[in-house]
Structure formats: structure tokens, C-alpha cells
file coords-v1.pdb (PDB, C-alpha atoms)
ATOM      1  CA  MET A   1     191.515 246.796 260.197  1.00  0.00           C
ATOM      2  CA  ARG A   2     193.359 243.802 261.684  1.00  0.00           C
ATOM      3  CA  ALA A   3     197.067 243.733 260.939  1.00  0.00           C
ATOM      4  CA  SER A   4     196.990 240.013 260.206  1.00  0.00           C
ATOM      5  CA  LEU A   5     194.653 240.632 257.256  1.00  0.00           C
ATOM      6  CA  LYS A   6     197.085 242.883 255.411  1.00  0.00           C
ATOM      7  CA  PHE A   7     198.544 239.848 253.621  1.00  0.00           C
ATOM      8  CA  ALA A   8     195.123 238.903 252.288  1.00  0.00           C
ATOM      9  CA  LEU A   9     194.370 242.471 251.232  1.00  0.00           C
ATOM     10  CA  THR A  10     197.714 242.724 249.444  1.00  0.00           C
ATOM     11  CA  LYS A  11     197.163 239.413 247.679  1.00  0.00           C
ATOM     12  CA  PHE A  12     193.539 239.786 246.662  1.00  0.00           C
ATOM     13  CA  GLY A  13     192.964 243.552 246.579  1.00  0.00           C
ATOM     14  CA  GLU A  14     189.528 244.195 245.116  1.00  0.00           C
ATOM     15  CA  LYS A  15     188.987 240.601 244.040  1.00  0.00           C
ATOM     16  CA  ARG A  16     185.435 239.368 244.688  1.00  0.00           C
ATOM     17  CA  LEU A  17     185.026 236.771 247.459  1.00  0.00           C
ATOM     18  CA  VAL A  18     183.186 234.393 245.150  1.00  0.00           C
ATOM     19  CA  THR A  19     186.247 234.163 242.868  1.00  0.00           C
ATOM     20  CA  ILE A  20     188.747 233.336 245.642  1.00  0.00           C
ATOM     21  CA  THR A  21     189.527 229.617 245.759  1.00  0.00           C
ATOM     22  CA  ALA A  22     191.030 227.394 248.429  1.00  0.00           C
ATOM     23  CA  ASP A  23     194.203 227.150 246.350  1.00  0.00           C
ATOM     24  CA  ASP A  24     194.439 230.958 246.320  1.00  0.00           C
ATOM     25  CA  LEU A  25     194.163 231.022 250.113  1.00  0.00           C
ATOM     26  CA  GLN A  26     196.643 228.168 250.497  1.00  0.00           C
ATOM     27  CA  GLU A  27     199.234 229.963 248.396  1.00  0.00           C
ATOM     28  CA  MET A  28     198.774 233.230 250.269  1.00  0.00           C
ATOM     29  CA  LEU A  29     199.004 231.598 253.707  1.00  0.00           C
ATOM     30  CA  LEU A  30     202.104 229.602 252.762  1.00  0.00           C
ATOM     31  CA  GLY A  31     203.743 232.905 251.879  1.00  0.00           C
ATOM     32  CA  ILE A  32     203.401 234.171 255.463  1.00  0.00           C
ATOM     33  CA  ALA A  33     206.597 233.324 257.341  1.00  0.00           C
ATOM     34  CA  GLY A  34     205.368 233.756 260.917  1.00  0.00           C
ATOM     35  CA  THR A  35     203.273 230.868 262.269  1.00  0.00           C
ATOM     36  CA  ARG A  36     201.349 233.084 264.672  1.00  0.00           C
ATOM     37  CA  ILE A  37     200.480 235.694 262.039  1.00  0.00           C
ATOM     38  CA  ARG A  38     199.566 232.952 259.571  1.00  0.00           C
ATOM     39  CA  GLN A  39     197.149 231.397 262.047  1.00  0.00           C
ATOM     40  CA  LEU A  40     195.606 234.762 262.935  1.00  0.00           C
ATOM     41  CA  CYS A  41     195.147 235.618 259.274  1.00  0.00           C
ATOM     42  CA  PHE A  42     193.531 232.254 258.612  1.00  0.00           C
ATOM     43  CA  SER A  43     191.255 232.631 261.631  1.00  0.00           C
ATOM     44  CA  ASN A  44     190.071 236.031 260.456  1.00  0.00           C
ATOM     45  CA  LEU A  45     189.528 234.796 256.919  1.00  0.00           C
ATOM     46  CA  LYS A  46     187.453 231.884 258.190  1.00  0.00           C
ATOM     47  CA  GLN A  47     185.141 234.332 259.959  1.00  0.00           C
ATOM     48  CA  ILE A  48     184.804 236.467 256.838  1.00  0.00           C
ATOM     49  CA  PHE A  49     184.068 233.568 254.506  1.00  0.00           C
ATOM     50  CA  ARG A  50     181.742 231.889 257.000  1.00  0.00           C
ATOM     51  CA  LYS A  51     179.673 235.066 257.241  1.00  0.00           C
ATOM     52  CA  ALA A  52     179.638 235.363 253.440  1.00  0.00           C
ATOM     53  CA  TYR A  53     178.474 231.746 253.186  1.00  0.00           C
ATOM     54  CA  LEU A  54     175.701 232.199 255.765  1.00  0.00           C
ATOM     55  CA  GLN A  55     174.499 235.302 253.933  1.00  0.00           C
ATOM     56  CA  GLY A  56     174.378 233.408 250.646  1.00  0.00           C
ATOM     57  CA  MET A  57     177.152 235.457 249.021  1.00  0.00           C
ATOM     58  CA  ILE A  58     179.182 232.319 248.243  1.00  0.00           C
ATOM     59  CA  LYS A  59     178.091 228.707 247.715  1.00  0.00           C
ATOM     60  CA  ARG A  60     181.078 227.131 249.470  1.00  0.00           C
ATOM     61  CA  ASN A  61     183.516 228.292 252.123  1.00  0.00           C
ATOM     62  CA  PRO A  62     187.011 227.812 250.578  1.00  0.00           C
ATOM     63  CA  CYS A  63     188.622 227.931 254.040  1.00  0.00           C
ATOM     64  CA  GLU A  64     187.229 224.448 254.711  1.00  0.00           C
ATOM     65  CA  ALA A  65     189.614 223.027 252.112  1.00  0.00           C
ATOM     66  CA  VAL A  66     192.751 224.798 253.356  1.00  0.00           C
ATOM     67  CA  GLU A  67     195.386 222.669 255.107  1.00  0.00           C
ATOM     68  CA  LEU A  68     197.529 224.382 257.732  1.00  0.00           C
ATOM     69  CA  GLN A  69     200.014 222.819 260.126  1.00  0.00           C
ATOM     70  CA  GLN A  70     198.432 222.431 263.534  1.00  0.00           C
ATOM     71  CA  HIS A  71     199.697 224.179 266.661  1.00  0.00           C
ATOM     72  CA  LYS A  72     201.930 221.898 268.674  1.00  0.00           C
ATOM     73  CA  SER A  73     199.729 222.536 271.694  1.00  0.00           C
ATOM     74  CA  GLU A  74     196.698 221.061 269.956  1.00  0.00           C
ATOM     75  CA  LYS A  75     195.801 217.670 271.354  1.00  0.00           C
ATOM     76  CA  LYS A  76     196.736 214.873 269.005  1.00  0.00           C
ATOM     77  CA  HIS A  77     194.130 212.294 268.093  1.00  0.00           C
ATOM     78  CA  ALA A  78     194.446 208.767 266.780  1.00  0.00           C
ATOM     79  CA  LEU A  79     191.590 206.595 265.621  1.00  0.00           C
ATOM     80  CA  THR A  80     190.612 203.715 267.839  1.00  0.00           C
ATOM     81  CA  ARG A  81     190.034 200.313 266.264  1.00  0.00           C
ATOM     82  CA  LEU A  82     186.299 200.926 266.539  1.00  0.00           C
ATOM     83  CA  GLU A  83     186.589 204.319 264.838  1.00  0.00           C
ATOM     84  CA  GLU A  84     188.616 202.717 262.038  1.00  0.00           C
ATOM     85  CA  SER A  85     185.816 200.185 261.555  1.00  0.00           C
ATOM     86  CA  LYS A  86     183.354 203.063 261.123  1.00  0.00           C
ATOM     87  CA  PHE A  87     185.547 205.110 258.787  1.00  0.00           C
ATOM     88  CA  PHE A  88     186.674 202.616 256.164  1.00  0.00           C
ATOM     89  CA  PRO A  89     183.228 201.301 255.148  1.00  0.00           C
ATOM     90  CA  GLU A  90     182.546 204.892 254.065  1.00  0.00           C
ATOM     91  CA  VAL A  91     185.562 204.967 251.721  1.00  0.00           C
ATOM     92  CA  ASN A  92     185.472 201.394 250.447  1.00  0.00           C
ATOM     93  CA  GLY A  93     185.076 201.401 246.681  1.00  0.00           C
ATOM     94  CA  THR A  94     185.768 205.144 246.366  1.00  0.00           C
ATOM     95  CA  LYS A  95     188.677 206.649 244.477  1.00  0.00           C
ATOM     96  CA  TYR A  96     190.306 207.597 247.790  1.00  0.00           C
ATOM     97  CA  GLU A  97     190.215 204.150 249.408  1.00  0.00           C
ATOM     98  CA  LEU A  98     193.739 203.009 248.515  1.00  0.00           C
ATOM     99  CA  LEU A  99     195.217 206.389 249.434  1.00  0.00           C
ATOM    100  CA  PHE A 100     193.713 206.283 252.917  1.00  0.00           C
ATOM    101  CA  ARG A 101     194.653 202.639 253.420  1.00  0.00           C
ATOM    102  CA  LEU A 102     198.211 203.408 252.305  1.00  0.00           C
ATOM    103  CA  ILE A 103     198.583 206.265 254.797  1.00  0.00           C
ATOM    104  CA  LEU A 104     197.229 204.131 257.630  1.00  0.00           C
ATOM    105  CA  ALA A 105     199.563 201.266 256.673  1.00  0.00           C
ATOM    106  CA  THR A 106     202.718 203.369 256.229  1.00  0.00           C
ATOM    107  CA  GLY A 107     202.232 206.671 258.050  1.00  0.00           C
ATOM    108  CA  LEU A 108     203.114 208.686 254.938  1.00  0.00           C
ATOM    109  CA  ARG A 109     202.531 212.421 255.005  1.00  0.00           C
ATOM    110  CA  ILE A 110     199.830 213.426 252.560  1.00  0.00           C
ATOM    111  CA  GLY A 111     202.302 215.227 250.278  1.00  0.00           C
ATOM    112  CA  GLU A 112     204.535 212.146 250.197  1.00  0.00           C
ATOM    113  CA  ALA A 113     201.607 209.897 249.328  1.00  0.00           C
ATOM    114  CA  LEU A 114     200.305 212.137 246.538  1.00  0.00           C
ATOM    115  CA  ALA A 115     203.785 212.299 244.986  1.00  0.00           C
ATOM    116  CA  LEU A 116     204.024 208.511 244.552  1.00  0.00           C
ATOM    117  CA  THR A 117     204.315 206.898 241.125  1.00  0.00           C
ATOM    118  CA  ARG A 118     204.393 203.238 240.109  1.00  0.00           C
ATOM    119  CA  ALA A 119     208.183 203.432 240.000  1.00  0.00           C
ATOM    120  CA  ASP A 120     208.204 204.064 243.762  1.00  0.00           C
ATOM    121  CA  ILE A 121     206.561 200.712 244.478  1.00  0.00           C
ATOM    122  CA  ASP A 122     208.541 197.483 244.518  1.00  0.00           C
ATOM    123  CA  PHE A 123     205.759 195.014 243.797  1.00  0.00           C
ATOM    124  CA  VAL A 124     208.063 192.020 244.229  1.00  0.00           C
ATOM    125  CA  ASN A 125     209.483 192.904 247.628  1.00  0.00           C
ATOM    126  CA  ARG A 126     206.329 194.796 248.629  1.00  0.00           C
ATOM    127  CA  THR A 127     207.904 198.109 249.616  1.00  0.00           C
ATOM    128  CA  VAL A 128     207.337 201.790 248.885  1.00  0.00           C
ATOM    129  CA  THR A 129     210.218 204.252 248.558  1.00  0.00           C
ATOM    130  CA  VAL A 130     209.629 207.846 249.632  1.00  0.00           C
ATOM    131  CA  SER A 131     211.879 210.304 247.811  1.00  0.00           C
ATOM    132  CA  LYS A 132     209.709 213.303 246.907  1.00  0.00           C
ATOM    133  CA  ASP A 133     206.867 215.509 248.002  1.00  0.00           C
ATOM    134  CA  VAL A 134     204.185 217.519 246.257  1.00  0.00           C
ATOM    135  CA  VAL A 135     202.460 220.855 246.837  1.00  0.00           C
ATOM    136  CA  PHE A 136     199.670 222.644 244.998  1.00  0.00           C
ATOM    137  CA  LEU A 137     199.740 226.319 244.095  1.00  0.00           C
ATOM    138  CA  LYS A 138     196.821 227.865 242.220  1.00  0.00           C
ATOM    139  CA  GLY A 139     195.640 224.354 241.459  1.00  0.00           C
ATOM    140  CA  LYS A 140     198.940 223.445 239.818  1.00  0.00           C
ATOM    141  CA  ARG A 141     200.715 220.322 241.012  1.00  0.00           C
ATOM    142  CA  ILE A 142     204.361 221.001 241.872  1.00  0.00           C
ATOM    143  CA  GLU A 143     206.668 218.122 242.764  1.00  0.00           C
ATOM    144  CA  GLN A 144     209.658 218.739 245.018  1.00  0.00           C
ATOM    145  CA  ALA A 145     212.788 216.672 244.642  1.00  0.00           C
ATOM    146  CA  CYS A 146     213.068 215.961 248.365  1.00  0.00           C
ATOM    147  CA  PRO A 147     210.546 215.674 251.201  1.00  0.00           C
ATOM    148  CA  LYS A 148     210.743 217.828 254.343  1.00  0.00           C
ATOM    149  CA  THR A 149     214.136 216.509 255.524  1.00  0.00           C
ATOM    150  CA  ASP A 150     216.740 213.960 254.467  1.00  0.00           C
ATOM    151  CA  ALA A 151     215.278 211.637 257.087  1.00  0.00           C
ATOM    152  CA  ALA A 152     212.015 211.652 255.156  1.00  0.00           C
ATOM    153  CA  ASN A 153     213.716 209.642 252.394  1.00  0.00           C
ATOM    154  CA  ARG A 154     212.934 206.081 253.395  1.00  0.00           C
ATOM    155  CA  THR A 155     211.730 202.675 252.209  1.00  0.00           C
ATOM    156  CA  LEU A 156     208.752 201.135 253.973  1.00  0.00           C
ATOM    157  CA  PRO A 157     207.076 197.701 253.897  1.00  0.00           C
ATOM    158  CA  LEU A 158     203.631 197.307 252.369  1.00  0.00           C
ATOM    159  CA  PRO A 159     200.930 194.804 253.345  1.00  0.00           C
ATOM    160  CA  ALA A 160     200.570 192.147 250.660  1.00  0.00           C
ATOM    161  CA  GLU A 161     196.907 192.891 249.868  1.00  0.00           C
ATOM    162  CA  LEU A 162     197.492 196.638 249.646  1.00  0.00           C
ATOM    163  CA  CYS A 163     200.513 196.129 247.378  1.00  0.00           C
ATOM    164  CA  ALA A 164     198.477 193.869 245.095  1.00  0.00           C
ATOM    165  CA  ASN A 165     195.730 196.467 244.833  1.00  0.00           C
ATOM    166  CA  LEU A 166     198.212 199.246 244.079  1.00  0.00           C
ATOM    167  CA  GLU A 167     199.654 197.118 241.283  1.00  0.00           C
ATOM    168  CA  LYS A 168     196.239 197.124 239.602  1.00  0.00           C
ATOM    169  CA  ILE A 169     196.479 200.904 239.103  1.00  0.00           C
ATOM    170  CA  GLN A 170     197.646 201.333 235.529  1.00  0.00           C
ATOM    171  CA  ARG A 171     198.454 205.050 235.514  1.00  0.00           C
ATOM    172  CA  ASP A 172     201.959 206.220 236.454  1.00  0.00           C
ATOM    173  CA  GLU A 173     200.706 208.789 238.985  1.00  0.00           C
ATOM    174  CA  LEU A 174     199.062 206.654 241.659  1.00  0.00           C
ATOM    175  CA  PHE A 175     196.957 209.341 243.336  1.00  0.00           C
ATOM    176  CA  PRO A 176     196.071 212.247 240.998  1.00  0.00           C
ATOM    177  CA  PHE A 177     194.245 214.206 243.683  1.00  0.00           C
ATOM    178  CA  THR A 178     194.647 217.620 245.302  1.00  0.00           C
ATOM    179  CA  TYR A 179     194.812 218.462 249.004  1.00  0.00           C
ATOM    180  CA  ASN A 180     191.508 220.251 248.656  1.00  0.00           C
ATOM    181  CA  SER A 181     189.591 217.325 247.179  1.00  0.00           C
ATOM    182  CA  ILE A 182     190.882 215.049 249.931  1.00  0.00           C
ATOM    183  CA  ARG A 183     190.073 217.591 252.620  1.00  0.00           C
ATOM    184  CA  LEU A 184     186.508 217.920 251.345  1.00  0.00           C
ATOM    185  CA  ALA A 185     186.086 214.135 251.145  1.00  0.00           C
ATOM    186  CA  THR A 186     187.293 213.496 254.689  1.00  0.00           C
ATOM    187  CA  SER A 187     185.263 216.449 255.959  1.00  0.00           C
ATOM    188  CA  ARG A 188     182.058 214.990 254.519  1.00  0.00           C
ATOM    189  CA  ILE A 189     182.786 211.563 255.969  1.00  0.00           C
ATOM    190  CA  SER A 190     183.749 213.008 259.359  1.00  0.00           C
ATOM    191  CA  LYS A 191     180.415 214.810 259.591  1.00  0.00           C
ATOM    192  CA  LYS A 192     178.532 211.684 258.545  1.00  0.00           C
ATOM    193  CA  ILE A 193     180.088 209.317 261.097  1.00  0.00           C
ATOM    194  CA  GLY A 194     180.715 211.881 263.832  1.00  0.00           C
ATOM    195  CA  ILE A 195     184.456 211.161 263.988  1.00  0.00           C
ATOM    196  CA  LYS A 196     187.192 213.619 263.017  1.00  0.00           C
ATOM    197  CA  VAL A 197     189.322 212.033 260.286  1.00  0.00           C
ATOM    198  CA  SER A 198     192.070 213.513 258.100  1.00  0.00           C
ATOM    199  CA  PRO A 199     195.278 212.270 256.451  1.00  0.00           C
ATOM    200  CA  HIS A 200     197.197 213.667 259.428  1.00  0.00           C
ATOM    201  CA  ILE A 201     195.005 211.710 261.849  1.00  0.00           C
ATOM    202  CA  LEU A 202     195.590 208.529 259.828  1.00  0.00           C
ATOM    203  CA  ARG A 203     199.348 209.154 260.079  1.00  0.00           C
ATOM    204  CA  HIS A 204     199.011 209.691 263.814  1.00  0.00           C
ATOM    205  CA  THR A 205     196.987 206.467 264.049  1.00  0.00           C
ATOM    206  CA  TYR A 206     199.796 204.580 262.304  1.00  0.00           C
ATOM    207  CA  ALA A 207     202.306 206.003 264.807  1.00  0.00           C
ATOM    208  CA  THR A 208     200.056 204.988 267.674  1.00  0.00           C
ATOM    209  CA  ARG A 209     199.791 201.429 266.349  1.00  0.00           C
ATOM    210  CA  LEU A 210     203.605 201.267 266.226  1.00  0.00           C
ATOM    211  CA  GLU A 211     203.733 202.306 269.859  1.00  0.00           C
ATOM    212  CA  GLU A 212     201.058 199.785 270.816  1.00  0.00           C
ATOM    213  CA  ALA A 213     203.117 197.073 269.096  1.00  0.00           C
ATOM    214  CA  GLY A 214     206.191 197.995 271.139  1.00  0.00           C
ATOM    215  CA  ILE A 215     208.270 199.155 268.154  1.00  0.00           C
ATOM    216  CA  PRO A 216     211.573 200.653 269.437  1.00  0.00           C
ATOM    217  CA  PRO A 217     211.751 204.475 269.209  1.00  0.00           C
ATOM    218  CA  LYS A 218     214.684 204.435 266.762  1.00  0.00           C
ATOM    219  CA  ILE A 219     212.818 202.235 264.293  1.00  0.00           C
ATOM    220  CA  LYS A 220     209.659 204.276 264.794  1.00  0.00           C
ATOM    221  CA  GLN A 221     211.672 207.422 264.027  1.00  0.00           C
ATOM    222  CA  TYR A 222     212.855 205.938 260.722  1.00  0.00           C
ATOM    223  CA  LEU A 223     209.408 204.706 259.702  1.00  0.00           C
ATOM    224  CA  LEU A 224     207.872 208.124 260.366  1.00  0.00           C
ATOM    225  CA  GLY A 225     210.666 209.988 258.585  1.00  0.00           C
ATOM    226  CA  HIS A 226     211.605 212.139 261.569  1.00  0.00           C
ATOM    227  CA  ALA A 227     214.936 213.947 261.532  1.00  0.00           C
ATOM    228  CA  ASP A 228     214.908 214.432 265.305  1.00  0.00           C
ATOM    229  CA  MET A 229     214.159 211.692 267.822  1.00  0.00           C
ATOM    230  CA  ARG A 230     212.439 214.287 270.019  1.00  0.00           C
ATOM    231  CA  MET A 231     209.694 214.607 267.416  1.00  0.00           C
ATOM    232  CA  THR A 232     209.037 210.880 267.707  1.00  0.00           C
ATOM    233  CA  VAL A 233     209.173 210.780 271.495  1.00  0.00           C
ATOM    234  CA  ASN A 234     206.950 213.860 271.840  1.00  0.00           C
ATOM    235  CA  ASN A 235     204.409 212.522 269.348  1.00  0.00           C
ATOM    236  CA  GLN A 236     204.963 215.358 266.865  1.00  0.00           C
ATOM    237  CA  TYR A 237     203.758 213.562 263.761  1.00  0.00           C
TER     238      TYR A 237
END
call {"tool": "encode", "arguments": {"input": "coords-v1.pdb", "output": "C-alpha cells"}}
result
Amino acid sequence: MRASLKFALTKFGEKRLVTITADDLQEMLLGIAGTRIRQLCFSNLKQIFRKAYLQGMIKRNPCEAVELQQHKSEKKHALTRLEESKFFPEVNGTKYELLFRLILATGLRIGEALALTRADIDFVNRTVTVSKDVVFLKGKRIEQACPKTDAANRTLPLPAELCANLEKIQRDELFPFTYNSIRLATSRISKKIGIKVSPHILRHTYATRLEEAGIPPKIKQYLLGHADMRMTVNNQY
């Protein structure tokens, strides 16, 4: 028995694999303090659920919809202009289109974007104010008063067309989606076009465009909501 799986065994006990959801796994993994152990546990679980899926024991592998912070050593990736042109035709007209366009235009973290309400958008001055974050536990949406750090509280400019389209949304909660639904959507599109795309990659693409435009590091730090300049300089988005 692998030590890293003890957290899963404690959490789920005799629970059947088919009843374990991505939200269950997300909650359990977030409860593991050590990054290394968390990654090992997740890796082992992916093997277990993949085998169960291949054997027809489950219809969907819930690990595919689990979002974990990447290792710093993992190579960062930003979409090229050509890759952007292949990705967005696949989301045009879908319920996720404005969310993805917002992240690419502002570099918001996915939790920051999902927490937005109409009150956070200044439709006159065309800005968005980031002041909260959101997480999901057992499928329940939980808003947090503050994002990751104080530096994450910021006001960002919005492109005129994007702002106008956001104004057309009549509900107070702009993006009533879960991490899992977004992960599944981007996963399907990524497989279809042969390009890895995720909210994190869209954020990284935004940061790359800032660098290409020659935006000074200090301004880039503010726009990305980094507390430490080293995160900006070292491309830790």
C-alpha cells in the first residue's frame, strides 16, 4: 500500500469508485498540506481511475476534471497567435466564450473570474475590479472575501467590445460555472484541435502578450496580481 494513498483511503473508506466525483477528489487533495505528497496521491489516483475506466467500471474518469497547481519546474506554455485563431472559433457562441475571452484580455485567475458579478464591472469606464475568489467543495460554490494575496486586489481595463458583451449578461453572477465543467470543456477542445488549452494557459498567454508589448515589469506585476516581483520576472503565473 502506497503511503500517499492513505489520505484517499481515510476520506473515502469503502466508498465505491463509481460514486466518487471530481469535487470529492478536489476537496480531499486540497486538504493535503504537502505539495509532494499531494502530487503523488493524485498520480496514484489517476492510475487507479484510469484502469477502472478502461475496464468499464466507471463511465468517466473524475481525475480529468481535477485542477491542481502545477510544479514550478513544468515548462510554461503560452498560445501563439495562430493557436489562438484555432482555439476561439471552437468556443464562439458557447456559454464559455466570454469567460475565456475575459481571461485572455485580463489575465485573471480562474477563481477570480468565476467570482465576478455585475457590480465588479464598471461599464462606463470599462474596467473590472478583482476583490474576491471562489472555490468549489463537494459541488458547493464558496466565495472568499479576498483573493490569494492583497496584491491580487486590482482594477483592470477591459476592451470595449468585451465590456459591451458582458453588459448584455442580465444575471448578477456573470459566470455560474464550476472548475470541473470548464476543465472538461477545454479538455474536449484541446483534443479536437491538438493544442493544450486551459484557463491557466490563457492567463500565461496574457502575460506573454504584455511582455511582447514591452510593458514594464512593475506594471506587469500589478496587472497579474503578483505580491512578489520575482514571480513576475520568473514567469510564475
call {"tool": "closest_residue", "arguments": {"input": "coords-v1.pdb", "among": "A:Gly194, A:Pro159, A:Gly225, A:Gly111", "to": "Glu143 in chain A", "atoms": "only C-alpha atoms"}}
result
A:Gly111
call {"tool": "resolve_selection", "arguments": {"input": "coords-v1.pdb", "expression": "the PyMOL selection byres ((chain A and resi 124) around 10)", "output": "VMD selection string"}}
result
chain A and resid 121 to 123 125 to 127 160 163 to 164
call {"tool": "resolve_selection", "arguments": {"input": "coords-v1.pdb", "expression": "the PyMOL selection byres ((chain A and resi 119) around 10)", "output": "VMD selection string"}}
result
chain A and resid 116 to 118 120 to 123 128 to 129 172 to 174
call {"tool": "resolve_selection", "arguments": {"input": "coords-v1.pdb", "expression": "the PyMOL selection byres ((chain A and resi 133) around 9)", "output": "list in words"}}
result
Arg109, Ile110, Gly111, Glu112, Ala113, Leu114, Ala115, Leu116, Val130, Ser131, Lys132, Val134, Val135, Ile142, Glu143, Gln144, Ala145, Cys146, Pro147 and Lys148 of chain A
call {"tool": "closest_residue", "arguments": {"input": "coords-v1.pdb", "among": "A:Ala207, A:Glu67, A:Asn92, A:Ile103", "to": "Tyr179 in chain A", "atoms": "only C-alpha atoms"}}
result
A:Glu67
call {"tool": "atom_distance", "arguments": {"input": "coords-v1.pdb", "atom1": "CA of Val66 in chain A", "atom2": "CA of Gln26 in chain A"}}
result
5.9 Å
call {"tool": "atom_distance", "arguments": {"input": "coords-v1.pdb", "atom1": "CA of Gly93 in chain A", "atom2": "CA of Ser190 in chain A"}}
result
17.2 Å
call {"tool": "residues_around", "arguments": {"input": "coords-v1.pdb", "residues": "Cys63 in chain A", "least_positions_apart": "3", "cutoff": "9 Å", "atoms": "all atoms listed in the file", "output": "ChimeraX atom specification"}}
result
/A:21-22,25-26,42,45-46,49-50,60,66-67
call {"tool": "atom_distance", "arguments": {"input": "coords-v1.pdb", "atom1": "CA of His77 in chain A", "atom2": "CA of Ile201 in chain A"}}
result
6.3 Å
call {"tool": "closest_residue", "arguments": {"input": "coords-v1.pdb", "among": "A:Ile195, A:Glu27, A:Leu166, A:Thr232", "to": "Thr208 in chain A", "atoms": "all atoms listed in the file"}}
result
A:Thr232
call {"tool": "closest_residue", "arguments": {"input": "coords-v1.pdb", "among": "A:Ala185, A:Leu223, A:Leu210, A:Ile215", "to": "Lys95 in chain A", "atoms": "all atoms listed in the file"}}
result
A:Ala185
call {"tool": "closest_residue", "arguments": {"input": "coords-v1.pdb", "among": "A:Leu30, A:Ala213, A:Leu162, A:Ala8", "to": "Ile48 in chain A", "atoms": "all atoms listed in the file"}}
result
A:Ala8
call {"tool": "build_atoms", "arguments": {"input": "coords-v1.pdb", "residues": "range 193-208 of chain A", "atoms": "N, CA, C and O atoms", "output": "PDB file, keeping the file's coordinate frame"}}
result
ATOM      1  N   ILE A 193     179.896 210.345 260.064  1.00  0.00           N
ATOM      2  CA  ILE A 193     180.088 209.317 261.097  1.00  0.00           C
ATOM      3  C   ILE A 193     180.350 209.906 262.479  1.00  0.00           C
ATOM      4  O   ILE A 193     180.440 209.178 263.469  1.00  0.00           O
ATOM      5  N   GLY A 194     180.506 211.243 262.538  1.00  0.00           N
ATOM      6  CA  GLY A 194     180.715 211.881 263.832  1.00  0.00           C
ATOM      7  C   GLY A 194     182.094 211.666 264.410  1.00  0.00           C
ATOM      8  O   GLY A 194     182.291 211.730 265.630  1.00  0.00           O
ATOM      9  N   ILE A 195     183.075 211.404 263.554  1.00  0.00           N
ATOM     10  CA  ILE A 195     184.456 211.161 263.988  1.00  0.00           C
ATOM     11  C   ILE A 195     185.386 212.017 263.128  1.00  0.00           C
ATOM     12  O   ILE A 195     185.307 211.975 261.899  1.00  0.00           O
ATOM     13  N   LYS A 196     186.244 212.793 263.760  1.00  0.00           N
ATOM     14  CA  LYS A 196     187.192 213.619 263.017  1.00  0.00           C
ATOM     15  C   LYS A 196     188.248 212.735 262.367  1.00  0.00           C
ATOM     16  O   LYS A 196     188.959 211.988 263.042  1.00  0.00           O
ATOM     17  N   VAL A 197     188.342 212.824 261.040  1.00  0.00           N
ATOM     18  CA  VAL A 197     189.322 212.033 260.286  1.00  0.00           C
ATOM     19  C   VAL A 197     189.992 212.933 259.257  1.00  0.00           C
ATOM     20  O   VAL A 197     189.346 213.767 258.625  1.00  0.00           O
ATOM     21  N   SER A 198     191.294 212.775 259.095  1.00  0.00           N
ATOM     22  CA  SER A 198     192.070 213.513 258.100  1.00  0.00           C
ATOM     23  C   SER A 198     193.302 212.677 257.797  1.00  0.00           C
ATOM     24  O   SER A 198     193.631 211.743 258.545  1.00  0.00           O
ATOM     25  N   PRO A 199     194.025 212.988 256.719  1.00  0.00           N
ATOM     26  CA  PRO A 199     195.278 212.270 256.451  1.00  0.00           C
ATOM     27  C   PRO A 199     196.251 212.358 257.623  1.00  0.00           C
ATOM     28  O   PRO A 199     196.949 211.394 257.940  1.00  0.00           O
ATOM     29  N   HIS A 200     196.293 213.513 258.285  1.00  0.00           N
ATOM     30  CA  HIS A 200     197.197 213.667 259.428  1.00  0.00           C
ATOM     31  C   HIS A 200     196.789 212.748 260.570  1.00  0.00           C
ATOM     32  O   HIS A 200     197.642 212.155 261.242  1.00  0.00           O
ATOM     33  N   ILE A 201     195.484 212.601 260.789  1.00  0.00           N
ATOM     34  CA  ILE A 201     195.005 211.710 261.849  1.00  0.00           C
ATOM     35  C   ILE A 201     195.313 210.256 261.505  1.00  0.00           C
ATOM     36  O   ILE A 201     195.652 209.456 262.386  1.00  0.00           O
ATOM     37  N   LEU A 202     195.231 209.892 260.233  1.00  0.00           N
ATOM     38  CA  LEU A 202     195.590 208.529 259.828  1.00  0.00           C
ATOM     39  C   LEU A 202     197.076 208.279 260.070  1.00  0.00           C
ATOM     40  O   LEU A 202     197.479 207.192 260.502  1.00  0.00           O
ATOM     41  N   ARG A 203     197.905 209.282 259.794  1.00  0.00           N
ATOM     42  CA  ARG A 203     199.348 209.154 260.079  1.00  0.00           C
ATOM     43  C   ARG A 203     199.574 208.997 261.576  1.00  0.00           C
ATOM     44  O   ARG A 203     200.383 208.173 262.007  1.00  0.00           O
ATOM     45  N   HIS A 204     198.874 209.776 262.369  1.00  0.00           N
ATOM     46  CA  HIS A 204     199.011 209.691 263.814  1.00  0.00           C
ATOM     47  C   HIS A 204     198.533 208.327 264.318  1.00  0.00           C
ATOM     48  O   HIS A 204     199.107 207.760 265.249  1.00  0.00           O
ATOM     49  N   THR A 205     197.499 207.790 263.684  1.00  0.00           N
ATOM     50  CA  THR A 205     196.987 206.467 264.049  1.00  0.00           C
ATOM     51  C   THR A 205     198.034 205.396 263.773  1.00  0.00           C
ATOM     52  O   THR A 205     198.242 204.480 264.585  1.00  0.00           O
ATOM     53  N   TYR A 206     198.708 205.512 262.631  1.00  0.00           N
ATOM     54  CA  TYR A 206     199.796 204.580 262.304  1.00  0.00           C
ATOM     55  C   TYR A 206     200.872 204.630 263.381  1.00  0.00           C
ATOM     56  O   TYR A 206     201.344 203.583 263.859  1.00  0.00           O
ATOM     57  N   ALA A 207     201.269 205.846 263.779  1.00  0.00           N
ATOM     58  CA  ALA A 207     202.306 206.003 264.807  1.00  0.00           C
ATOM     59  C   ALA A 207     201.859 205.390 266.130  1.00  0.00           C
ATOM     60  O   ALA A 207     202.657 204.767 266.846  1.00  0.00           O
ATOM     61  N   THR A 208     200.597 205.550 266.434  1.00  0.00           N
ATOM     62  CA  THR A 208     200.056 204.988 267.674  1.00  0.00           C
ATOM     63  C   THR A 208     200.075 203.468 267.632  1.00  0.00           C
ATOM     64  O   THR A 208     200.393 202.808 268.634  1.00  0.00           O
TER      65      THR A 208
END
